[in-house]
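Asks: So I've got this file, structure_17.pdb, and it contains PDB, C-alpha atoms:
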ATOM      1  CA  LEU A   1      -6.531  -9.586  -5.257
ATOM      2  CA  TYR A   2      -4.976 -11.331  -8.218
ATOM      3  CA  GLY A   3      -3.027 -10.015 -11.150
ATOM      4  CA  PRO A   4       0.222 -10.071 -13.062
ATOM      5  CA  THR A   5       2.578  -7.164 -13.632
ATOM      6  CA  GLU A   6       1.618  -7.143 -17.325
ATOM      7  CA  ALA A   7      -1.853  -5.944 -16.326
ATOM      8  CA  ALA A   8      -1.032  -3.319 -13.683
ATOM      9  CA  VAL A   9      -0.927  -5.970 -10.945
ATOM     10  CA  ASP A  10      -4.530  -6.142  -9.629
ATOM     11  CA  VAL A  11      -7.151  -7.382 -12.092
ATOM     12  CA  SER A  12      -9.533  -9.306  -9.840
ATOM     13  CA  TRP A  13     -10.907  -9.244  -6.325
ATOM     14  CA  TRP A  14     -12.603 -11.647  -3.959
ATOM     15  CA  PRO A  15     -14.128 -10.751  -0.579
ATOM     16  CA  ALA A  16     -12.388 -13.465   1.454
ATOM     17  CA  THR A  17     -13.890 -13.845   4.894
ATOM     18  CA  PRO A  18     -13.308 -16.344   7.707
ATOM     19  CA  GLN A  19     -16.775 -17.781   6.945
ATOM     20  CA  ASP A  20     -15.944 -18.448   3.262
ATOM     21  CA  ARG A  21     -15.574 -22.199   2.801
ATOM     22  CA  SER A  22     -14.749 -22.049  -0.924
ATOM     23  CA  ASN A  23     -12.008 -24.515  -1.725
ATOM     24  CA  PRO A  24      -9.997 -23.245  -3.396
ATOM     25  CA  LEU A  25     -10.761 -19.579  -2.813
ATOM     26  CA  PRO A  26     -11.574 -17.906  -6.133
ATOM     27  CA  ILE A  27      -9.446 -15.111  -7.501
ATOM     28  CA  GLY A  28     -12.860 -13.592  -7.963
ATOM     29  CA  PHE A  29     -14.354 -10.953 -10.195
ATOM     30  CA  PRO A  30     -12.692  -8.430 -12.501
ATOM     31  CA  VAL A  31     -11.911  -4.989 -11.140
ATOM     32  CA  TRP A  32     -13.406  -1.973 -12.908
ATOM     33  CA  ASN A  33     -12.510  -1.589 -16.600
ATOM     34  CA  THR A  34     -11.082  -5.118 -16.743
ATOM     35  CA  GLU A  35     -12.148  -8.392 -18.295
ATOM     36  CA  LEU A  36     -11.255 -11.919 -17.211
ATOM     37  CA  CYS A  37     -11.851 -14.506 -19.946
ATOM     38  CA  VAL A  38     -11.588 -18.269 -19.646
ATOM     39  CA  LEU A  39     -11.111 -19.512 -23.202
ATOM     40  CA  ASP A  40     -10.307 -22.820 -24.865
ATOM     41  CA  ASP A  41      -7.415 -23.455 -27.267
ATOM     42  CA  ARG A  42      -9.518 -22.097 -30.136
ATOM     43  CA  MET A  43     -10.198 -18.848 -28.243
ATOM     44  CA  ARG A  44     -13.833 -19.745 -27.487
ATOM     45  CA  PRO A  45     -15.421 -19.130 -24.059
ATOM     46  CA  VAL A  46     -15.361 -22.178 -21.795
ATOM     47  CA  PRO A  47     -18.592 -23.069 -19.969
ATOM     48  CA  ALA A  48     -18.715 -22.653 -16.181
ATOM     49  CA  GLY A  49     -17.073 -25.518 -14.341
ATOM     50  CA  LEU A  50     -14.619 -26.469 -17.094
ATOM     51  CA  ALA A  51     -10.921 -25.575 -17.164
ATOM     52  CA  GLY A  52      -9.526 -23.203 -19.750
ATOM     53  CA  ASN A  53      -6.812 -20.622 -20.328
ATOM     54  CA  LEU A  54      -7.106 -17.316 -18.506
ATOM     55  CA  TYR A  55      -6.887 -14.144 -20.602
ATOM     56  CA  LEU A  56      -7.028 -10.587 -19.318
ATOM     57  CA  GLY A  57      -8.373  -7.567 -21.148
ATOM     58  CA  GLY A  58      -8.844  -3.894 -20.463
ATOM     59  CA  VAL A  59      -7.156  -0.534 -20.465
ATOM     60  CA  GLN A  60      -4.553  -1.527 -17.853
ATOM     61  CA  LEU A  61      -2.695  -3.988 -20.093
ATOM     62  CA  ALA A  62       0.961  -3.226 -20.669
ATOM     63  CA  ARG A  63       2.056  -2.488 -24.217
ATOM     64  CA  GLY A  64       4.417  -5.455 -24.147
ATOM     65  CA  TYR A  65       7.871  -6.508 -23.037
ATOM     66  CA  LEU A  66      10.730  -4.063 -23.593
ATOM     67  CA  GLY A  67      13.091  -5.463 -26.206
ATOM     68  CA  ARG A  68      11.165  -8.760 -26.435
ATOM     69  CA  ASP A  69       8.971  -8.434 -29.517
ATOM     70  CA  ASP A  70       8.728 -12.232 -29.786
ATOM     71  CA  LEU A  71       7.352 -12.618 -26.257
ATOM     72  CA  THR A  72       5.066  -9.607 -26.716
ATOM     73  CA  ALA A  73       3.548 -11.175 -29.847
ATOM     74  CA  GLU A  74       3.080 -14.474 -28.007
ATOM     75  CA  ARG A  75       1.415 -13.062 -24.877
ATOM     76  CA  PHE A  76      -0.382  -9.895 -26.042
ATOM     77  CA  ILE A  77      -2.791 -11.014 -28.732
ATOM     78  CA  ALA A  78      -5.664  -9.555 -30.733
ATOM     79  CA  ASP A  79      -9.010 -10.173 -29.076
ATOM     80  CA  PRO A  80     -10.965 -12.240 -31.625
ATOM     81  CA  ARG A  81     -14.257 -11.097 -30.064
ATOM     82  CA  HIS A  82     -13.560  -7.354 -30.120
ATOM     83  CA  PRO A  83     -11.658  -5.993 -33.171
ATOM     84  CA  GLY A  84      -8.976  -3.510 -32.168
ATOM     85  CA  GLU A  85      -8.793  -4.791 -28.582
ATOM     86  CA  ARG A  86      -6.061  -6.941 -27.056
ATOM     87  CA  LEU A  87      -5.895  -9.742 -24.537
ATOM     88  CA  TYR A  88      -3.017 -10.844 -22.355
ATOM     89  CA  ALA A  89      -2.450 -14.619 -22.168
ATOM     90  CA  ALA A  90      -1.778 -14.987 -18.449
ATOM     91  CA  GLY A  91      -0.376 -18.517 -18.684
ATOM     92  CA  ASP A  92      -2.785 -19.575 -15.953
ATOM     93  CA  LEU A  93      -5.454 -22.245 -16.022
ATOM     94  CA  ALA A  94      -8.794 -21.231 -14.567
ATOM     95  CA  ARG A  95     -12.477 -22.089 -14.462
ATOM     96  CA  LEU A  96     -15.600 -20.031 -14.014
ATOM     97  CA  ARG A  97     -18.000 -20.765 -11.210
ATOM     98  CA  ASP A  98     -21.756 -20.545 -11.763
ATOM     99  CA  ASP A  99     -21.755 -17.142 -10.012
ATOM    100  CA  GLY A 100     -19.155 -15.797 -12.493
ATOM    101  CA  ALA A 101     -16.213 -15.884 -10.072
ATOM    102  CA  VAL A 102     -12.939 -17.149 -11.539
ATOM    103  CA  VAL A 103     -11.046 -19.961  -9.812
ATOM    104  CA  TYR A 104      -7.273 -20.202 -10.356
ATOM    105  CA  LEU A 105      -6.195 -23.782 -11.130
ATOM    106  CA  GLY A 106      -2.442 -23.387 -11.681
ATOM    107  CA  ARG A 107       0.033 -22.622 -14.447
ATOM    108  CA  SER A 108      -0.406 -23.829 -18.003
ATOM    109  CA  ASP A 109       3.250 -23.335 -18.833
ATOM    110  CA  HIS A 110       6.640 -24.122 -17.369
ATOM    111  CA  GLN A 111       6.854 -21.011 -15.176
ATOM    112  CA  VAL A 112       7.279 -20.872 -11.396
ATOM    113  CA  LYS A 113       7.379 -18.087  -8.860
ATOM    114  CA  LEU A 114      10.268 -18.242  -6.410
ATOM    115  CA  ARG A 115      10.805 -15.639  -3.689
ATOM    116  CA  GLY A 116       8.551 -13.243  -5.620
ATOM    117  CA  LEU A 117      10.387 -13.682  -8.937
ATOM    118  CA  ARG A 118       8.822 -15.277 -11.992
ATOM    119  CA  ILE A 119      11.114 -17.840 -13.567
ATOM    120  CA  GLU A 120      10.717 -19.615 -16.896
ATOM    121  CA  LEU A 121      12.191 -23.052 -16.216
ATOM    122  CA  GLY A 122      12.564 -23.676 -19.941
ATOM    123  CA  GLU A 123      14.906 -20.694 -20.176
ATOM    124  CA  ILE A 124      17.206 -22.296 -17.600
ATOM    125  CA  GLU A 125      17.024 -25.661 -19.340
ATOM    126  CA  ALA A 126      17.937 -24.004 -22.657
ATOM    127  CA  ALA A 127      20.931 -22.265 -21.021
ATOM    128  CA  ILE A 128      22.110 -25.601 -19.614
ATOM    129  CA  MET A 129      21.840 -27.267 -23.016
ATOM    130  CA  GLN A 130      23.750 -24.428 -24.712
ATOM    131  CA  THR A 131      26.793 -25.152 -22.537
ATOM    132  CA  GLY A 132      27.332 -28.518 -24.227
ATOM    133  CA  LEU A 133      27.828 -30.063 -20.786
ATOM    134  CA  ALA A 134      24.469 -31.868 -20.746
ATOM    135  CA  ARG A 135      22.701 -34.222 -23.147
ATOM    136  CA  GLU A 136      19.367 -33.530 -21.435
ATOM    137  CA  ALA A 137      18.210 -31.270 -18.605
ATOM    138  CA  VAL A 138      15.080 -30.607 -16.593
ATOM    139  CA  VAL A 139      14.789 -27.902 -13.947
ATOM    140  CA  ILE A 140      12.138 -27.893 -11.227
ATOM    141  CA  ALA A 141      11.352 -25.833  -8.147
ATOM    142  CA  ARG A 142      11.594 -28.215  -5.215
ATOM    143  CA  LYS A 143      11.124 -27.640  -1.502
ATOM    144  CA  ASP A 144      14.093 -28.439   0.707
ATOM    145  CA  ASN A 145      13.846 -29.998   4.186
ATOM    146  CA  GLY A 146      13.050 -26.599   5.683
ATOM    147  CA  GLY A 147      10.167 -26.046   3.263
ATOM    148  CA  GLU A 148      12.014 -23.384   1.243
ATOM    149  CA  ALA A 149      11.644 -23.748  -2.543
ATOM    150  CA  ARG A 150      14.810 -23.796  -4.616
ATOM    151  CA  LEU A 151      15.755 -24.627  -8.179
ATOM    152  CA  VAL A 152      17.153 -28.091  -8.870
ATOM    153  CA  ALA A 153      18.586 -29.140 -12.241
ATOM    154  CA  TYR A 154      18.414 -32.796 -13.238
ATOM    155  CA  VAL A 155      21.118 -33.319 -15.847
ATOM    156  CA  VAL A 156      22.095 -36.198 -18.131
ATOM    157  CA  PRO A 157      25.815 -35.396 -18.359
ATOM    158  CA  ALA A 158      27.644 -34.946 -21.652
ATOM    159  CA  PRO A 159      31.389 -35.605 -21.863
ATOM    160  CA  GLY A 160      33.225 -33.010 -19.778
ATOM    161  CA  TYR A 161      30.302 -32.382 -17.410
ATOM    162  CA  ASP A 162      31.375 -30.629 -14.250
ATOM    163  CA  PRO A 163      28.700 -29.161 -11.942
ATOM    164  CA  ASP A 164      30.812 -26.159 -10.939
ATOM    165  CA  ARG A 165      31.627 -25.341 -14.554
ATOM    166  CA  LEU A 166      27.965 -25.712 -15.537
ATOM    167  CA  ALA A 167      26.900 -23.324 -12.774
ATOM    168  CA  LEU A 168      29.524 -20.782 -13.877
ATOM    169  CA  GLU A 169      28.536 -20.984 -17.533
ATOM    170  CA  ILE A 170      24.820 -20.569 -16.967
ATOM    171  CA  GLY A 171      25.534 -17.886 -14.369
ATOM    172  CA  ALA A 172      27.280 -15.910 -17.113
ATOM    173  CA  VAL A 173      24.066 -15.730 -19.175
ATOM    174  CA  LEU A 174      21.307 -15.833 -16.550
ATOM    175  CA  PRO A 175      20.665 -13.771 -13.416
ATOM    176  CA  ALA A 176      21.875 -15.345 -10.166
ATOM    177  CA  TYR A 177      18.334 -16.139  -8.984
ATOM    178  CA  MET A 178      17.916 -18.419 -12.048
ATOM    179  CA  VAL A 179      21.038 -20.520 -11.420
ATOM    180  CA  PRO A 180      19.907 -23.817  -9.851
ATOM    181  CA  ALA A 181      20.919 -24.227  -6.218
ATOM    182  CA  ALA A 182      21.561 -27.925  -6.805
ATOM    183  CA  GLN A 183      22.276 -30.304  -9.654
ATOM    184  CA  VAL A 184      21.515 -33.996  -9.842
ATOM    185  CA  ALA A 185      23.485 -35.953 -12.427
ATOM    186  CA  LEU A 186      21.398 -38.738 -13.952
ATOM    187  CA  VAL A 187      23.543 -41.582 -15.248
TER     188      VAL A 187
END
Rewrite the structure from the file as structure tokens, please.

Replies:
Amino acid sequence: LYGPTEAAVDVSWWPATPQDRSNPLPIGFPVWNTELCVLDDRMRPVPAGLAGNLYLGGVQLARGYLGRDDLTAERFIADPRHPGERLYAAGDLARLRDDGAVVYLGRSDHQVKLRGLRIELGEIEAAIMQTGLAREAVVIARKDNGGEARLVAYVVPAPGYDPDRLALEIGAVLPAYMVPAAQVALV
């Protein structure tokens, strides 16, 4: 099963069996009363085999994000094919197989999932920049020696940069799970 919270969690299914040699395994076919659309940047259907943006439609879509009208308008859009209907921009890249199954190809944005939590890396980078302690910053999810993913901030220091102070300042505006576990100063 595949699906984001914004669409009641499960929107597709695939009968994975030990004999299935699909690589990668598809996320499959839409569940009842659901639509999976692979569209290009102009909101046109993408032919089978080509990559496009995954959109979800159907009665199970959330109404939007509480208190985030800007994000709601960005992700929950009018369906250009069906007036009065909406689509959810999943932020995932996908392609259709010839049999109609959808194959997940990865994220199209700067979002990662860490320990079950979705994290917008750009939000962390913006928080770092707002401290005034960095001239530039990039945050990635990187596996440590034990194979556990963690957030690492690569920072071009501004005058007054102090890693402990930076962690405290971004920890005051972001939840603890979004504070990078490590910082690398790039000089």

Asks: Running the PyMOL selection byres ((chain A and resi 60) around 8) on this model by hand, what would come out? Give it as a VMD selection string.

Replies: chain A and resid 7 to 8 34 57 to 59 61 to 62

Asks: A:Pro15, A:Gly171, A:Pro24, A:Pro157: which is nearest Gly106 (chain A), counting only C-alpha atoms?

Replies: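 Nearest to Gly106 (chain A): A:Pro24.
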
Asks: Per residue of region 82-146 of chain A within 8 Å of region 67-78 of chain A, record the nearest atom pair and its distance in Å to one decimal, counting all atoms listed in the file, with rows in chain order and ascending residue number, as a Markdown table.

Replies:
| residue | atom | partner | partner_atom | distance |
| --- | --- | --- | --- | --- |
| A:Pro83 | CA | A:Ala78 | CA | 7.4 |
| A:Gly84 | CA | A:Ala78 | CA | 7.0 |
| A:Glu85 | CA | A:Ala78 | CA | 6.1 |
| A:Arg86 | CA | A:Ala78 | CA | 4.5 |
| A:Leu87 | CA | A:Ile77 | CA | 5.4 |
| A:Tyr88 | CA | A:Phe76 | CA | 4.6 |
| A:Ala89 | CA | A:Arg75 | CA | 5.0 |
| A:Ala90 | CA | A:Arg75 | CA | 7.4 |

Asks: The centre and edge lengths of an axis-aligned box containing all atoms of region 4-20 of chain A present in the file, extended by 8 Å on each side, are to be given in Å to one decimal, as lines of an AutoDock Vina configuration file.

Replies:
center_x = -7.1
center_y = -10.9
center_z = -4.8
size_x = 35.4
size_y = 31.1
size_z = 41.0

Asks: Take the point (8.8, -7.8, -6.3) as written in the file and pick out every residue within 12 Å of it, counting only C-alpha atoms; give the list as a list in words.

Replies: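 Checking each residue against the 12 Å limit leaves Pro4, Thr5, Val9, Lys113, Leu114, Arg115, Gly116, Leu117 and Arg118 of chain A.
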
Asks: Export, as a short mmCIF file (atom, residue, chain, number, x, y, z; two decimals), in the frame of the given file, the selected residues with C-alpha atoms.

Replies:
data_model
loop_
_atom_site.label_atom_id
_atom_site.label_comp_id
_atom_site.auth_asym_id
_atom_site.auth_seq_id
_atom_site.Cartn_x
_atom_site.Cartn_y
_atom_site.Cartn_z
CA PRO A 4 0.22 -10.07 -13.06
CA THR A 5 2.58 -7.16 -13.63
CA VAL A 9 -0.93 -5.97 -10.94
CA LYS A 113 7.38 -18.09 -8.86
CA LEU A 114 10.27 -18.24 -6.41
CA ARG A 115 10.80 -15.64 -3.69
CA GLY A 116 8.55 -13.24 -5.62
CA LEU A 117 10.39 -13.68 -8.94
CA ARG A 118 8.82 -15.28 -11.99
#

Asks: Mind giving me the straight-line distance from CA of Glu125 (chain A) to CA of Lys143 (chain A) in Å, one decimal?

Replies: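 Distance reported for this atom pair: 18.9 Å.
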
Asks: Between CA of Val102 (chain A) and CA of Pro26 (chain A), what is the distance in Å, rounded to a tenth?

Replies: 5.6 Å

Asks: Give me, as a list in words, all polymer residues having an atom no more than 9 Å from Leu133 (chain A), counting only C-alpha atoms and skipping those fewer than 2 positions away in the same chain.

Replies: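 Here the qualifying residues turn out to be Ile128, Met129, Gln130, Thr131, Arg135, Val155, Val156, Pro157, Ala158, Pro159, Gly160, Tyr161, Asp162, Pro163, Arg165 and Leu166 of chain A.
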
Asks: Quick check on the file I pasted: which residues fall under the PyMOL selection byres ((chain A and resi 123) around 10)? Write them as a PyMOL selection string.

Replies: chain A and resi 110-111+119-122+124-129+139+174+178

Asks: Given only C-alpha atoms as the basis, pick out the residue of A:Gly100, A:Gly132, A:Pro47, A:Gly91 nearest to Val112 (chain A).

Replies: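 Using only C-alpha atoms, the shortest distance to Val112 (chain A) belongs to A:Gly91.
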
Asks: Report, in Å with one decimal, the straight-line distance from CA of Arg97 (chain A) to CA of Trp32 (chain A).

Replies: 19.4 Å

Asks: For Gly28 (chain A), which residue out of A:Arg42, A:Arg107, A:Arg142, A:Arg95 is the nearest one, using all atoms listed in the file?

Replies: A:Arg95

Asks: Using only C-alpha atoms, give me every residue within 6 Å of (18.9, -35.1, -16.6) in file coordinates, as a JSON list (two decimals) with C-alpha atoms, in the frame of the given file.

Replies:
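Done, and the output landed in part-v8.json:
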[["chain", "number", "residue", "atom", "x", "y", "z"],
["A", 136, "GLU", "CA", 19.37, -33.53, -21.44],
["A", 137, "ALA", "CA", 18.21, -31.27, -18.60],
["A", 138, "VAL", "CA", 15.08, -30.61, -16.59],
["A", 154, "TYR", "CA", 18.41, -32.80, -13.24],
["A", 155, "VAL", "CA", 21.12, -33.32, -15.85],
["A", 156, "VAL", "CA", 22.10, -36.20, -18.13],
["A", 186, "LEU", "CA", 21.40, -38.74, -13.95]]

Asks: Assuming the chain letters and numbering stay as they are in my file, what does the PyMOL selection byres ((chain A and resi 25) around 9) actually select? List them as a list in words.

Replies: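 What the PyMOL selection byres ((chain A and resi 25) around 9) grabs from the file is Trp14, Ala16, Asp20, Arg21, Ser22, Asn23, Pro24, Pro26, Ile27, Gly28, Val103 and Tyr104 of chain A.
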
Asks: Write out as a PyMOL selection string which residues come within 6 Å of Leu93 (chain A) when counting all atoms listed in the file, dropping same-chain ones fewer than 3 positions away.

Replies: chain A and resi 52-54+105-108

Asks: Taking 3 positions as the minimum chain separation for residues in the same chain, which residues sit within 7 Å of Leu151 (chain A) when counting all atoms listed in the file? Answer as a compact mmCIF listing (two decimals) with C-alpha atoms, in the frame of the given file.

Replies:
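Below you can see selection-v4.txt, which holds the result:
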# COMPACT_ATOMS: atom_id res chain seq x y z
CA VAL A 139 14.79 -27.90 -13.95
CA ILE A 140 12.14 -27.89 -11.23
CA ALA A 141 11.35 -25.83 -8.15
CA ARG A 142 11.59 -28.22 -5.22
CA PRO A 180 19.91 -23.82 -9.85
CA ALA A 181 20.92 -24.23 -6.22
CA ALA A 182 21.56 -27.92 -6.80

Asks: Considering all atoms listed in the file, state which residue in the set A:Ala167, A:Tyr2, A:Leu56, A:Asp98 is at the smallest distance from Ala153 (chain A).

Replies: A:Ala167

Asks: Some atoms are missing, so please complete region 14-32 of chain A with N, CA and C atoms and return it as a short mmCIF file (atom, residue, chain, number, x, y, z; two decimals), keeping the file's coordinate frame.

Replies:
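Output below, filename part-v7.cif:
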data_model
loop_
_atom_site.label_atom_id
_atom_site.label_comp_id
_atom_site.auth_asym_id
_atom_site.auth_seq_id
_atom_site.Cartn_x
_atom_site.Cartn_y
_atom_site.Cartn_z
N TRP A 14 -11.70 -10.70 -4.60
CA TRP A 14 -12.60 -11.65 -3.96
C TRP A 14 -12.72 -11.26 -2.50
N PRO A 15 -13.95 -11.14 -1.99
CA PRO A 15 -14.13 -10.75 -0.58
C PRO A 15 -13.92 -11.95 0.36
N ALA A 16 -12.69 -12.32 0.59
CA ALA A 16 -12.39 -13.46 1.45
C ALA A 16 -12.73 -13.13 2.90
N THR A 17 -13.50 -14.01 3.50
CA THR A 17 -13.89 -13.84 4.89
C THR A 17 -13.62 -15.15 5.64
N PRO A 18 -13.52 -15.10 6.96
CA PRO A 18 -13.31 -16.34 7.71
C PRO A 18 -14.44 -17.36 7.49
N GLN A 19 -15.63 -16.88 7.15
CA GLN A 19 -16.77 -17.78 6.94
C GLN A 19 -16.77 -18.44 5.56
N ASP A 20 -15.97 -17.93 4.64
CA ASP A 20 -15.94 -18.45 3.26
C ASP A 20 -15.31 -19.83 3.26
N ARG A 21 -16.06 -20.81 2.83
CA ARG A 21 -15.57 -22.20 2.80
C ARG A 21 -15.24 -22.65 1.38
N SER A 22 -15.11 -21.70 0.45
CA SER A 22 -14.75 -22.05 -0.92
C SER A 22 -13.38 -22.71 -0.93
N ASN A 23 -13.28 -23.81 -1.65
CA ASN A 23 -12.01 -24.52 -1.72
C ASN A 23 -11.79 -24.96 -3.16
N PRO A 24 -10.85 -24.35 -3.85
CA PRO A 24 -10.00 -23.24 -3.40
C PRO A 24 -10.75 -21.91 -3.44
N LEU A 25 -10.19 -20.92 -2.75
CA LEU A 25 -10.76 -19.58 -2.81
C LEU A 25 -10.64 -19.06 -4.24
N PRO A 26 -11.68 -18.47 -4.78
CA PRO A 26 -11.57 -17.91 -6.13
C PRO A 26 -10.65 -16.69 -6.15
N ILE A 27 -10.13 -16.40 -7.33
CA ILE A 27 -9.45 -15.11 -7.50
C ILE A 27 -10.50 -14.04 -7.75
N GLY A 28 -11.72 -14.47 -8.01
CA GLY A 28 -12.86 -13.59 -7.96
C GLY A 28 -13.35 -12.99 -9.25
N PHE A 29 -13.71 -11.71 -9.14
CA PHE A 29 -14.35 -10.95 -10.20
C PHE A 29 -13.41 -9.87 -10.72
N PRO A 30 -13.59 -9.47 -11.97
CA PRO A 30 -12.69 -8.43 -12.50
C PRO A 30 -12.90 -7.09 -11.80
N VAL A 31 -11.81 -6.35 -11.64
CA VAL A 31 -11.91 -4.99 -11.14
C VAL A 31 -12.46 -4.12 -12.27
N TRP A 32 -12.81 -2.90 -11.95
CA TRP A 32 -13.41 -1.97 -12.91
C TRP A 32 -12.54 -1.84 -14.16
#
